[in-house]
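Source file: coords07.json. Holds: JSON, C-alpha atoms.
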[["chain", "number", "residue", "atom", "x", "y", "z"],
["A", 1, "MET", "CA", 0.00, 0.00, 0.00],
["A", 2, "ILE", "CA", 2.73, 2.44, 0.95],
["A", 3, "GLY", "CA", 4.56, 1.42, -2.23],
["A", 4, "ILE", "CA", 1.53, 2.47, -4.27],
["A", 5, "LEU", "CA", 1.48, 5.80, -2.46],
["A", 6, "PHE", "CA", 5.17, 6.39, -3.24],
["A", 7, "ALA", "CA", 4.70, 5.52, -6.91],
["A", 8, "PHE", "CA", 1.62, 7.73, -7.08],
["A", 9, "LEU", "CA", 3.53, 10.63, -5.51],
["A", 10, "ALA", "CA", 6.46, 10.10, -7.87],
["A", 11, "GLY", "CA", 4.12, 10.58, -10.83],
["A", 12, "ALA", "CA", 2.57, 13.64, -9.23],
["A", 13, "PHE", "CA", 6.02, 15.14, -8.63],
["A", 14, "ILE", "CA", 7.15, 14.49, -12.21],
["A", 15, "THR", "CA", 4.16, 16.37, -13.57],
["A", 16, "LEU", "CA", 4.51, 19.10, -10.95],
["A", 17, "GLN", "CA", 8.15, 19.48, -11.98],
["A", 18, "GLY", "CA", 7.15, 19.98, -15.62],
["A", 19, "VAL", "CA", 4.49, 22.50, -14.71],
["A", 20, "ALA", "CA", 6.78, 24.40, -12.34],
["A", 21, "ASN", "CA", 9.50, 24.50, -14.99],
["A", 22, "ALA", "CA", 7.01, 25.81, -17.55],
["A", 23, "ARG", "CA", 5.86, 28.48, -15.11],
["A", 24, "ILE", "CA", 9.39, 29.54, -14.18],
["A", 25, "GLY", "CA", 10.45, 29.40, -17.83],
["A", 26, "GLN", "CA", 7.65, 31.76, -18.77],
["A", 27, "ASP", "CA", 9.01, 34.24, -16.31],
["A", 28, "ILE", "CA", 12.80, 34.09, -16.49],
["A", 29, "GLY", "CA", 13.42, 32.02, -19.64],
["A", 30, "THR", "CA", 13.62, 28.33, -20.45],
["A", 31, "TRP", "CA", 17.38, 27.84, -20.09],
["A", 32, "GLN", "CA", 17.41, 29.83, -16.88],
["A", 33, "ALA", "CA", 14.67, 27.61, -15.48],
["A", 34, "ALA", "CA", 16.54, 24.43, -16.46],
["A", 35, "THR", "CA", 19.83, 25.74, -15.05],
["A", 36, "ILE", "CA", 18.46, 26.95, -11.72],
["A", 37, "THR", "CA", 16.21, 24.01, -10.90],
["A", 38, "GLN", "CA", 18.95, 21.50, -11.65],
["A", 39, "PHE", "CA", 21.48, 23.48, -9.66],
["A", 40, "THR", "CA", 19.19, 23.25, -6.63],
["A", 41, "GLY", "CA", 18.50, 19.57, -7.24],
["A", 42, "PHE", "CA", 22.20, 18.85, -7.65],
["A", 43, "THR", "CA", 23.08, 20.65, -4.42],
["A", 44, "ALA", "CA", 20.39, 18.80, -2.49],
["A", 45, "ALA", "CA", 21.40, 15.43, -3.92],
["A", 46, "LEU", "CA", 25.05, 16.12, -3.08],
["A", 47, "LEU", "CA", 24.15, 17.00, 0.52],
["A", 48, "ILE", "CA", 22.11, 13.81, 0.84],
["A", 49, "LEU", "CA", 24.96, 11.81, -0.70],
["A", 50, "LEU", "CA", 27.41, 13.21, 1.87],
["A", 51, "PHE", "CA", 24.91, 12.59, 4.63],
["A", 52, "VAL", "CA", 23.97, 9.00, 3.80],
["A", 53, "LEU", "CA", 27.59, 8.21, 2.95],
["A", 54, "ASP", "CA", 26.79, 5.85, 0.14],
["A", 55, "GLY", "CA", 29.27, 7.62, -2.11],
["A", 56, "LYS", "CA", 30.46, 4.96, -4.47],
["A", 57, "TRP", "CA", 32.13, 7.35, -6.88],
["A", 58, "GLN", "CA", 34.87, 4.87, -7.70],
["A", 59, "LYS", "CA", 32.23, 2.58, -9.17],
["A", 60, "PHE", "CA", 31.55, 5.10, -11.93],
["A", 61, "LYS", "CA", 34.79, 3.88, -13.49],
["A", 62, "GLU", "CA", 33.28, 0.43, -13.95],
["A", 63, "VAL", "CA", 30.54, 1.80, -16.16],
["A", 64, "LYS", "CA", 31.00, 2.52, -19.86],
["A", 65, "PRO", "CA", 31.71, 6.26, -20.12],
["A", 66, "ILE", "CA", 28.77, 6.89, -22.47],
["A", 67, "TYR", "CA", 26.33, 5.84, -19.73],
["A", 68, "LEU", "CA", 27.67, 8.64, -17.53],
["A", 69, "THR", "CA", 26.35, 11.25, -19.96],
["A", 70, "GLY", "CA", 22.62, 10.61, -19.46],
["A", 71, "GLY", "CA", 22.27, 13.58, -17.13],
["A", 72, "ALA", "CA", 23.25, 16.02, -19.87],
["A", 73, "PHE", "CA", 20.15, 15.06, -21.87],
["A", 74, "ALA", "CA", 18.12, 16.84, -19.23],
["A", 75, "ALA", "CA", 19.01, 20.20, -20.76],
["A", 76, "ILE", "CA", 17.18, 19.26, -23.96],
["A", 77, "VAL", "CA", 14.46, 17.35, -22.08],
["A", 78, "ILE", "CA", 13.55, 20.27, -19.82],
["A", 79, "SER", "CA", 13.64, 22.96, -22.49],
["A", 80, "SER", "CA", 11.59, 20.80, -24.90],
["A", 81, "ASN", "CA", 9.12, 19.95, -22.16],
["A", 82, "VAL", "CA", 8.69, 23.58, -21.14],
["A", 83, "THR", "CA", 8.19, 24.79, -24.71],
["A", 84, "SER", "CA", 5.79, 21.96, -25.42],
["A", 85, "ILE", "CA", 3.67, 22.62, -22.31],
["A", 86, "GLN", "CA", 3.43, 26.27, -23.30],
["A", 87, "HIS", "CA", 2.29, 25.28, -26.80],
["A", 88, "ILE", "CA", -0.04, 22.31, -26.35],
["A", 89, "GLY", "CA", -0.82, 22.12, -22.63],
["A", 90, "VAL", "CA", 0.22, 19.70, -19.90],
["A", 91, "THR", "CA", -1.95, 16.70, -20.79],
["A", 92, "LEU", "CA", -0.96, 16.43, -24.45],
["A", 93, "THR", "CA", 2.69, 17.09, -23.64],
["A", 94, "ILE", "CA", 2.83, 14.33, -21.04],
["A", 95, "ALA", "CA", 0.88, 11.99, -23.36],
["A", 96, "PHE", "CA", 3.39, 12.45, -26.19],
["A", 97, "VAL", "CA", 6.34, 12.23, -23.80],
["A", 98, "LEU", "CA", 5.06, 8.91, -22.48],
["A", 99, "ILE", "CA", 4.41, 7.51, -25.96],
["A", 100, "ALA", "CA", 7.93, 8.38, -27.10],
["A", 101, "GLN", "CA", 9.39, 7.09, -23.83],
["A", 102, "LEU", "CA", 7.62, 3.72, -23.99],
["A", 103, "GLY", "CA", 8.23, 3.53, -27.74],
["A", 104, "LEU", "CA", 11.95, 3.96, -27.23],
["A", 105, "THR", "CA", 12.02, 1.47, -24.36],
["A", 106, "PHE", "CA", 10.16, -0.93, -26.64],
["A", 107, "LEU", "CA", 12.77, -0.57, -29.41],
["A", 108, "VAL", "CA", 15.70, -0.90, -27.04],
["A", 109, "ASP", "CA", 14.27, -3.99, -25.35],
["A", 110, "ARG", "CA", 13.29, -5.61, -28.64],
["A", 111, "ASN", "CA", 16.66, -5.05, -30.27],
["A", 112, "GLY", "CA", 18.77, -5.48, -27.16],
["A", 113, "TRP", "CA", 20.55, -2.16, -27.63],
["A", 114, "PHE", "CA", 22.91, -0.76, -24.98],
["A", 115, "GLY", "CA", 23.54, -4.20, -23.54],
["A", 116, "VAL", "CA", 19.93, -4.55, -22.40],
["A", 117, "ALA", "CA", 18.70, -8.17, -22.41],
["A", 118, "LYS", "CA", 16.97, -8.69, -25.75],
["A", 119, "THR", "CA", 13.28, -9.19, -25.13],
["A", 120, "LYS", "CA", 10.70, -10.58, -27.52],
["A", 121, "MET", "CA", 7.71, -8.27, -27.64],
["A", 122, "GLY", "CA", 4.25, -9.76, -27.61],
["A", 123, "LEU", "CA", 0.83, -8.66, -28.80],
["A", 124, "PRO", "CA", 0.07, -6.76, -25.55],
["A", 125, "GLN", "CA", 2.94, -4.34, -26.19],
["A", 126, "TYR", "CA", 1.73, -3.55, -29.72],
["A", 127, "ILE", "CA", -1.85, -3.16, -28.50],
["A", 128, "GLY", "CA", -0.65, -0.96, -25.64],
["A", 129, "ILE", "CA", 1.17, 1.45, -27.94],
["A", 130, "ALA", "CA", -1.78, 1.52, -30.36],
["A", 131, "MET", "CA", -4.12, 2.36, -27.48],
["A", 132, "MET", "CA", -1.86, 5.18, -26.31],
["A", 133, "ILE", "CA", -1.85, 6.70, -29.79],
["A", 134, "ALA", "CA", -5.62, 6.25, -30.04],
["A", 135, "GLY", "CA", -6.00, 8.01, -26.68],
["A", 136, "VAL", "CA", -4.00, 10.99, -27.92],
["A", 137, "ALA", "CA", -6.14, 11.11, -31.06],
["A", 138, "ILE", "CA", -9.24, 11.25, -28.85],
["A", 139, "LEU", "CA", -7.68, 14.02, -26.75],
["A", 140, "ARG", "CA", -6.84, 16.06, -29.74],
["A", 141, "PHE", "CA", -9.68, 15.62, -32.23],
["B", 1, "MET", "CA", 0.99, 22.73, -32.43],
["B", 2, "VAL", "CA", 3.39, 20.62, -34.52],
["B", 3, "LEU", "CA", 6.39, 22.14, -32.73],
["B", 4, "GLY", "CA", 4.86, 21.26, -29.36],
["B", 5, "ILE", "CA", 4.29, 17.65, -30.45],
["B", 6, "LEU", "CA", 7.77, 17.22, -31.92],
["B", 7, "LEU", "CA", 9.44, 18.65, -28.82],
["B", 8, "ALA", "CA", 7.37, 16.42, -26.55],
["B", 9, "LEU", "CA", 8.35, 13.36, -28.60],
["B", 10, "LEU", "CA", 12.01, 14.41, -28.48],
["B", 11, "ALA", "CA", 11.81, 14.90, -24.72],
["B", 12, "GLY", "CA", 10.17, 11.50, -24.24],
["B", 13, "SER", "CA", 12.78, 9.66, -26.34],
["B", 14, "LEU", "CA", 15.59, 11.29, -24.40],
["B", 15, "VAL", "CA", 13.90, 10.45, -21.09],
["B", 16, "GLY", "CA", 13.69, 6.82, -22.20],
["B", 17, "LEU", "CA", 17.36, 6.79, -23.16],
["B", 18, "GLN", "CA", 18.33, 8.58, -19.98],
["B", 19, "ASN", "CA", 16.45, 6.02, -17.87],
["B", 20, "ILE", "CA", 18.46, 3.21, -19.45],
["B", 21, "PHE", "CA", 21.80, 4.97, -18.98],
["B", 22, "ASN", "CA", 21.00, 6.03, -15.43],
["B", 23, "SER", "CA", 19.84, 2.58, -14.36],
["B", 24, "LYS", "CA", 23.24, 1.25, -15.40],
["B", 25, "LEU", "CA", 24.91, 3.77, -13.10],
["B", 26, "ASN", "CA", 22.41, 3.06, -10.36],
["B", 27, "GLU", "CA", 23.28, -0.66, -10.33],
["B", 28, "ARG", "CA", 26.90, 0.13, -9.56],
["B", 29, "ALA", "CA", 27.12, 3.47, -7.86],
["B", 30, "GLY", "CA", 23.88, 3.65, -5.85],
["B", 31, "THR", "CA", 20.98, 6.07, -5.96],
["B", 32, "TRP", "CA", 22.49, 9.24, -4.57],
["B", 33, "ALA", "CA", 25.83, 9.19, -6.33],
["B", 34, "THR", "CA", 23.88, 8.63, -9.55],
["B", 35, "THR", "CA", 21.35, 11.37, -8.83],
["B", 36, "THR", "CA", 24.11, 13.82, -7.94],
["B", 37, "LEU", "CA", 25.99, 13.13, -11.16],
["B", 38, "VAL", "CA", 22.84, 13.24, -13.30],
["B", 39, "LEU", "CA", 21.57, 16.55, -11.90],
["B", 40, "GLY", "CA", 25.08, 18.04, -11.88],
["B", 41, "LEU", "CA", 25.56, 17.23, -15.54],
["B", 42, "GLY", "CA", 22.07, 18.48, -16.37],
["B", 43, "PHE", "CA", 22.92, 21.74, -14.65],
["B", 44, "LEU", "CA", 26.22, 22.12, -16.53],
["B", 45, "ALA", "CA", 24.66, 21.23, -19.88],
["B", 46, "SER", "CA", 21.74, 23.64, -19.39],
["B", 47, "MET", "CA", 24.05, 26.44, -18.34],
["B", 48, "THR", "CA", 26.41, 25.82, -21.26],
["B", 49, "ILE", "CA", 23.69, 25.66, -23.93],
["B", 50, "GLY", "CA", 21.87, 28.61, -22.35],
["B", 51, "PHE", "CA", 25.06, 30.65, -22.35],
["B", 52, "LEU", "CA", 25.84, 29.77, -25.98],
["B", 53, "ILE", "CA", 22.35, 30.84, -27.03],
["B", 54, "GLU", "CA", 21.73, 33.83, -24.81],
["B", 55, "GLY", "CA", 25.16, 34.95, -23.64],
["B", 56, "LYS", "CA", 25.23, 36.99, -20.43],
["B", 57, "GLN", "CA", 21.46, 37.38, -20.72],
["B", 58, "LEU", "CA", 21.33, 33.93, -19.10],
["B", 59, "PHE", "CA", 22.30, 35.42, -15.76],
["B", 60, "ALA", "CA", 19.93, 38.40, -15.88],
["B", 61, "LEU", "CA", 17.26, 37.18, -13.49],
["B", 62, "GLN", "CA", 15.25, 40.31, -12.71],
["B", 63, "THR", "CA", 11.89, 38.61, -12.30],
["B", 64, "MET", "CA", 13.26, 35.82, -10.11],
["B", 65, "GLN", "CA", 10.97, 34.77, -7.27],
["B", 66, "THR", "CA", 12.20, 33.00, -4.17],
["B", 67, "TRP", "CA", 10.30, 29.76, -4.77],
["B", 68, "TYR", "CA", 12.04, 29.31, -8.13],
["B", 69, "TRP", "CA", 15.22, 28.48, -6.24],
["B", 70, "PHE", "CA", 13.51, 25.65, -4.38],
["B", 71, "SER", "CA", 11.59, 24.15, -7.26],
["B", 72, "GLY", "CA", 14.54, 21.91, -8.06],
["B", 73, "LEU", "CA", 13.90, 20.01, -4.83],
["B", 74, "ILE", "CA", 10.90, 18.41, -6.53],
["B", 75, "GLY", "CA", 13.44, 16.35, -8.48],
["B", 76, "VAL", "CA", 14.78, 14.95, -5.21],
["B", 77, "GLY", "CA", 11.21, 14.05, -4.22],
["B", 78, "VAL", "CA", 10.85, 12.20, -7.53],
["B", 79, "VAL", "CA", 13.98, 10.14, -6.86],
["B", 80, "VAL", "CA", 13.01, 9.24, -3.28],
["B", 81, "CYS", "CA", 9.48, 8.20, -4.25],
["B", 82, "MET", "CA", 10.63, 6.24, -7.32],
["B", 83, "VAL", "CA", 13.25, 4.33, -5.35],
["B", 84, "GLN", "CA", 10.82, 3.52, -2.53],
["B", 85, "GLY", "CA", 8.00, 2.62, -4.93],
["B", 86, "ILE", "CA", 10.18, 0.29, -6.99],
["B", 87, "LYS", "CA", 11.65, -1.29, -3.87],
["B", 88, "ARG", "CA", 8.19, -2.16, -2.58],
["B", 89, "LEU", "CA", 6.33, -3.01, -5.77],
["B", 90, "GLY", "CA", 8.99, -3.97, -8.30],
["B", 91, "PRO", "CA", 9.69, -1.88, -11.40],
["B", 92, "MET", "CA", 6.77, -3.14, -13.49],
["B", 93, "TYR", "CA", 3.95, -2.17, -11.15],
["B", 94, "ALA", "CA", 5.69, 0.91, -9.77],
["B", 95, "VAL", "CA", 6.37, 2.38, -13.21],
["B", 96, "SER", "CA", 2.81, 1.64, -14.36],
["B", 97, "ILE", "CA", 1.45, 3.60, -11.41],
["B", 98, "VAL", "CA", 3.97, 6.42, -11.92],
["B", 99, "LEU", "CA", 2.98, 6.87, -15.57],
["B", 100, "THR", "CA", -0.75, 6.75, -14.77],
["B", 101, "SER", "CA", -0.38, 9.25, -11.97],
["B", 102, "GLN", "CA", 1.64, 11.55, -14.24],
["B", 103, "LEU", "CA", -1.21, 11.71, -16.75],
["B", 104, "ALA", "CA", -3.92, 12.07, -14.11],
["B", 105, "PHE", "CA", -2.13, 15.06, -12.61],
["B", 106, "ALA", "CA", -1.52, 16.54, -16.04],
["B", 107, "LEU", "CA", -5.26, 16.49, -16.70],
["B", 108, "LEU", "CA", -5.93, 17.99, -13.28],
["B", 109, "TRP", "CA", -3.37, 20.70, -13.90],
["B", 110, "ASP", "CA", -4.71, 21.65, -17.31],
["B", 111, "SER", "CA", -8.25, 21.78, -15.95],
["B", 112, "LEU", "CA", -7.38, 23.97, -13.00],
["B", 113, "GLY", "CA", -4.81, 26.15, -14.76],
["B", 114, "TRP", "CA", -2.80, 26.44, -11.55],
["B", 115, "LEU", "CA", 0.45, 28.40, -11.43],
["B", 116, "GLY", "CA", -0.74, 30.73, -14.14],
["B", 117, "LEU", "CA", -0.61, 28.25, -17.00],
["B", 118, "THR", "CA", -3.24, 28.55, -19.70],
["B", 119, "GLN", "CA", -6.32, 26.69, -18.52],
["B", 120, "VAL", "CA", -7.52, 23.92, -20.82],
["B", 121, "PRO", "CA", -11.20, 23.37, -19.94],
["B", 122, "PHE", "CA", -11.97, 19.85, -18.75],
["B", 123, "THR", "CA", -14.19, 17.90, -21.12],
["B", 124, "PHE", "CA", -15.59, 14.38, -21.13],
["B", 125, "LYS", "CA", -13.61, 13.73, -24.32],
["B", 126, "GLN", "CA", -10.38, 14.52, -22.48],
["B", 127, "LEU", "CA", -11.20, 12.11, -19.69],
["B", 128, "ILE", "CA", -11.88, 9.34, -22.23],
["B", 129, "GLY", "CA", -8.63, 10.13, -24.05],
["B", 130, "VAL", "CA", -6.60, 9.93, -20.84],
["B", 131, "LEU", "CA", -8.34, 6.71, -19.78],
["B", 132, "VAL", "CA", -7.55, 5.08, -23.14],
["B", 133, "ILE", "CA", -3.89, 6.13, -22.82],
["B", 134, "VAL", "CA", -3.74, 4.78, -19.27],
["B", 135, "GLY", "CA", -5.33, 1.55, -20.52],
["B", 136, "GLY", "CA", -2.60, 1.38, -23.17],
["B", 137, "ILE", "CA", 0.13, 1.87, -20.55],
["B", 138, "LEU", "CA", -1.31, -0.88, -18.37],
["B", 139, "VAL", "CA", -1.67, -3.31, -21.29],
["B", 140, "PHE", "CA", 1.90, -2.50, -22.39],
["B", 141, "LYS", "CA", 3.41, -2.90, -18.94],
["B", 142, "LEU", "CA", 1.27, -5.57, -17.32],
["B", 143, "GLY", "CA", -0.10, -7.47, -20.31],
["B", 144, "GLY", "CA", 2.71, -10.02, -20.30],
["B", 145, "GLY", "CA", 3.82, -11.38, -23.67],
["B", 146, "ARG", "CA", 7.38, -10.23, -23.23],
["B", 147, "VAL", "CA", 9.97, -12.99, -23.19],
["B", 148, "ALA", "CA", 13.57, -12.15, -22.34],
["B", 149, "ARG", "CA", 15.94, -14.08, -24.57],
["B", 150, "PRO", "CA", 18.83, -15.56, -22.63],
["B", 151, "VAL", "CA", 21.36, -14.35, -25.21],
["B", 152, "ALA", "CA", 23.18, -11.71, -23.20],
["B", 153, "ALA", "CA", 24.55, -8.92, -25.34],
["B", 154, "LYS", "CA", 27.87, -7.41, -24.43]]

Represent the supplied structure as structure tokens.
Amino acid sequence: MIGILFAFLAGAFITLQGVANARIGQDIGTWQAATITQFTGFTAALLILLFVLDGKWQKFKEVKPIYLTGGAFAAIVISSNVTSIQHIGVTLTIAFVLIAQLGLTFLVDRNGWFGVAKTKMGLPQYIGIAMMIAGVAILRF
Amino acid sequence: MVLGILLALLAGSLVGLQNIFNSKLNERAGTWATTTLVLGLGFLASMTIGFLIEGKQLFALQTMQTWYWFSGLIGVGVVVCMVQGIKRLGPMYAVSIVLTSQLAFALLWDSLGWLGLTQVPFTFKQLIGVLVIVGGILVFKLGGGRVARPVAAK
């Protein structure tokens, strides 16, 4: 039960984050919003890291360097998200984000890219993606 | 309209990619070292691109309000809740709930127009659309049918 609550809150926070970024971006600019919010997040995470002492920095060396770069995508993610919310609203933005996100996960899993275990996709996954696209069509038209 | 859609699709693809990369770090380095690196890099990348595009304008924050500084803490809330949710429910169920909740709150937000965003009036059609999308997510995530092949790639 408490797990459901956490997952539910995580989703709420992700949307709230997008909305807050869009609001801040409207006021001080998109790149400023992305820079400031991530600076705060970084500082907080660093403090927590020092506090919980689970700093396993050395382990970063065991990971392929390209996987270290994921964080940098956030610059494009946040600015795209903000611009999109301002253009088409929160619901449509999130809907398209989720479709692309699951679509990419689908491709990566199916083809076993990036060392992910290759997974055979079944009918439910195709139906799921079709339903998501149908849902967006209903939203929009 | 088209720009909004394309940017949202771009954002979603990058989020998907980022999730894969970050989970590889997470396995080795733990949640907080990973989060610190990810947000630190995001900060540097945003500042660099922003500076290249806008120059010193990037640092002219006349209309800054105090709460803007703290908004980044939401990201920490996301990490804590995700980690706890996945720990208790497993990734499949946790992520299904996260995605559903994201959409539900998006609809709520549009309808209420909080924080000064343009209000998108709530209609029955919108509710149906969101429910169909949520149905799609649940079928995708929980419908089974996926078989991991034991051939481990490098």

Residue neighbourhood segment 40-47 of chain A, 12 Å, all atoms listed in the file, exclusion window fewer than 3 positions, as a ChimeraX atom specification: /A:17,33-37,50-55,57,71 /B:31-44,67-80

File dump, residues just selected, C-alpha atoms, as a short mmCIF file (atom, residue, chain, number, x, y, z; two decimals), in the coordinates of the input:
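See again_37.cif below for the written result:
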data_model
loop_
_atom_site.label_atom_id
_atom_site.label_comp_id
_atom_site.auth_asym_id
_atom_site.auth_seq_id
_atom_site.Cartn_x
_atom_site.Cartn_y
_atom_site.Cartn_z
CA GLN A 17 8.15 19.48 -11.98
CA ALA A 33 14.67 27.61 -15.48
CA ALA A 34 16.54 24.43 -16.46
CA THR A 35 19.83 25.74 -15.05
CA ILE A 36 18.46 26.95 -11.72
CA THR A 37 16.21 24.01 -10.90
CA LEU A 50 27.41 13.21 1.87
CA PHE A 51 24.91 12.59 4.63
CA VAL A 52 23.97 9.00 3.80
CA LEU A 53 27.59 8.21 2.95
CA ASP A 54 26.79 5.85 0.14
CA GLY A 55 29.27 7.62 -2.11
CA TRP A 57 32.13 7.35 -6.88
CA GLY A 71 22.27 13.58 -17.13
CA THR B 31 20.98 6.07 -5.96
CA TRP B 32 22.49 9.24 -4.57
CA ALA B 33 25.83 9.19 -6.33
CA THR B 34 23.88 8.63 -9.55
CA THR B 35 21.35 11.37 -8.83
CA THR B 36 24.11 13.82 -7.94
CA LEU B 37 25.99 13.13 -11.16
CA VAL B 38 22.84 13.24 -13.30
CA LEU B 39 21.57 16.55 -11.90
CA GLY B 40 25.08 18.04 -11.88
CA LEU B 41 25.56 17.23 -15.54
CA GLY B 42 22.07 18.48 -16.37
CA PHE B 43 22.92 21.74 -14.65
CA LEU B 44 26.22 22.12 -16.53
CA TRP B 67 10.30 29.76 -4.77
CA TYR B 68 12.04 29.31 -8.13
CA TRP B 69 15.22 28.48 -6.24
CA PHE B 70 13.51 25.65 -4.38
CA SER B 71 11.59 24.15 -7.26
CA GLY B 72 14.54 21.91 -8.06
CA LEU B 73 13.90 20.01 -4.83
CA ILE B 74 10.90 18.41 -6.53
CA GLY B 75 13.44 16.35 -8.48
CA VAL B 76 14.78 14.95 -5.21
CA GLY B 77 11.21 14.05 -4.22
CA VAL B 78 10.85 12.20 -7.53
CA VAL B 79 13.98 10.14 -6.86
CA VAL B 80 13.01 9.24 -3.28
#

Put the listed atoms of segment 47-54 of chain B in a box along x, y and z with 5 Å added on every side and give me the centre and edge lengths in Å to one decimal, as JSON.
{"center_x": 24.1, "center_y": 29.7, "center_z": -22.7, "size_x": 14.7, "size_y": 18.2, "size_z": 18.7}

Do you know which residues are at most 7 Å from Gly129 of chain B counting all atoms listed in the file, after dropping those on the same chain fewer than 5 positions away, and could you put them as a list in words? Gly135, Val136, Ile138 and Leu139 of chain A

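Closest approach to chain A among B:Gln65, B:Thr48, B:Ser111, B:Gln18 is made by B:Gln18 (distances from only C-alpha atoms).
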
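Residues within 10 Å of Leu103 of chain B, counting only C-alpha atoms and excluding same-chain residues fewer than 2 positions away, are Gly11, Ala12, Ile14, Thr15, Val90, Thr91, Leu92, Thr93, Ile94, Ala95 and Leu98 of chain A; Val98, Leu99, Thr100, Ser101, Phe105, Ala106, Leu107, Leu108, Trp109, Val130, Leu131, Ile133 and Val134 of chain B.
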
Name the closest residue to chain B among the candidates A:Phe6, A:Phe114, A:Phe141, A:Phe106; distances are taken between atoms, counting all atoms listed in the file. A:Phe6

Residue with smallest distance to chain B - pool A:Leu107, A:Leu102, A:Val97, A:Asn21, counting all atoms listed in the file: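 Distance minimum relative to chain B lands on A:Val97.
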
Regenerate segment 65-79 of chain B at the level of N, CA and C atoms and dump it as an mmCIF file, in the frame of the given file.
data_model
loop_
_atom_site.group_PDB
_atom_site.id
_atom_site.type_symbol
_atom_site.label_atom_id
_atom_site.label_comp_id
_atom_site.auth_asym_id
_atom_site.auth_seq_id
_atom_site.Cartn_x
_atom_site.Cartn_y
_atom_site.Cartn_z
ATOM 1 N N GLN B 65 11.673 34.841 -8.551
ATOM 2 C CA GLN B 65 10.970 34.770 -7.270
ATOM 3 C C GLN B 65 11.617 33.701 -6.405
ATOM 4 N N THR B 66 11.466 33.879 -5.086
ATOM 5 C CA THR B 66 12.200 33.000 -4.170
ATOM 6 C C THR B 66 11.904 31.522 -4.412
ATOM 7 N N TRP B 67 10.636 31.186 -4.670
ATOM 8 C CA TRP B 67 10.300 29.760 -4.770
ATOM 9 C C TRP B 67 10.962 29.112 -5.976
ATOM 10 N N TYR B 68 11.375 29.894 -6.963
ATOM 11 C CA TYR B 68 12.040 29.310 -8.130
ATOM 12 C C TYR B 68 13.306 28.559 -7.714
ATOM 13 N N TRP B 69 13.979 29.121 -6.697
ATOM 14 C CA TRP B 69 15.220 28.480 -6.240
ATOM 15 C C TRP B 69 14.950 27.095 -5.660
ATOM 16 N N PHE B 70 13.765 26.906 -5.094
ATOM 17 C CA PHE B 70 13.510 25.650 -4.380
ATOM 18 C C PHE B 70 12.792 24.610 -5.242
ATOM 19 N N SER B 71 12.355 25.056 -6.407
ATOM 20 C CA SER B 71 11.590 24.150 -7.260
ATOM 21 C C SER B 71 12.387 22.903 -7.644
ATOM 22 N N GLY B 72 13.701 23.048 -7.709
ATOM 23 C CA GLY B 72 14.540 21.910 -8.060
ATOM 24 C C GLY B 72 14.474 20.763 -7.070
ATOM 25 N N LEU B 73 14.001 21.062 -5.847
ATOM 26 C CA LEU B 73 13.900 20.010 -4.830
ATOM 27 C C LEU B 73 12.839 18.975 -5.199
ATOM 28 N N ILE B 74 11.916 19.374 -6.075
ATOM 29 C CA ILE B 74 10.900 18.410 -6.530
ATOM 30 C C ILE B 74 11.594 17.190 -7.126
ATOM 31 N N GLY B 75 12.697 17.443 -7.850
ATOM 32 C CA GLY B 75 13.440 16.350 -8.480
ATOM 33 C C GLY B 75 13.929 15.335 -7.444
ATOM 34 N N VAL B 76 14.329 15.842 -6.278
ATOM 35 C CA VAL B 76 14.780 14.950 -5.210
ATOM 36 C C VAL B 76 13.602 14.116 -4.708
ATOM 37 N N GLY B 77 12.427 14.769 -4.598
ATOM 38 C CA GLY B 77 11.210 14.050 -4.220
ATOM 39 C C GLY B 77 10.901 12.932 -5.204
ATOM 40 N N VAL B 78 11.088 13.213 -6.494
ATOM 41 C CA VAL B 78 10.850 12.200 -7.530
ATOM 42 C C VAL B 78 11.739 10.982 -7.275
ATOM 43 N N VAL B 79 13.032 11.241 -7.038
ATOM 44 C CA VAL B 79 13.980 10.140 -6.860
ATOM 45 C C VAL B 79 13.609 9.303 -5.634
#
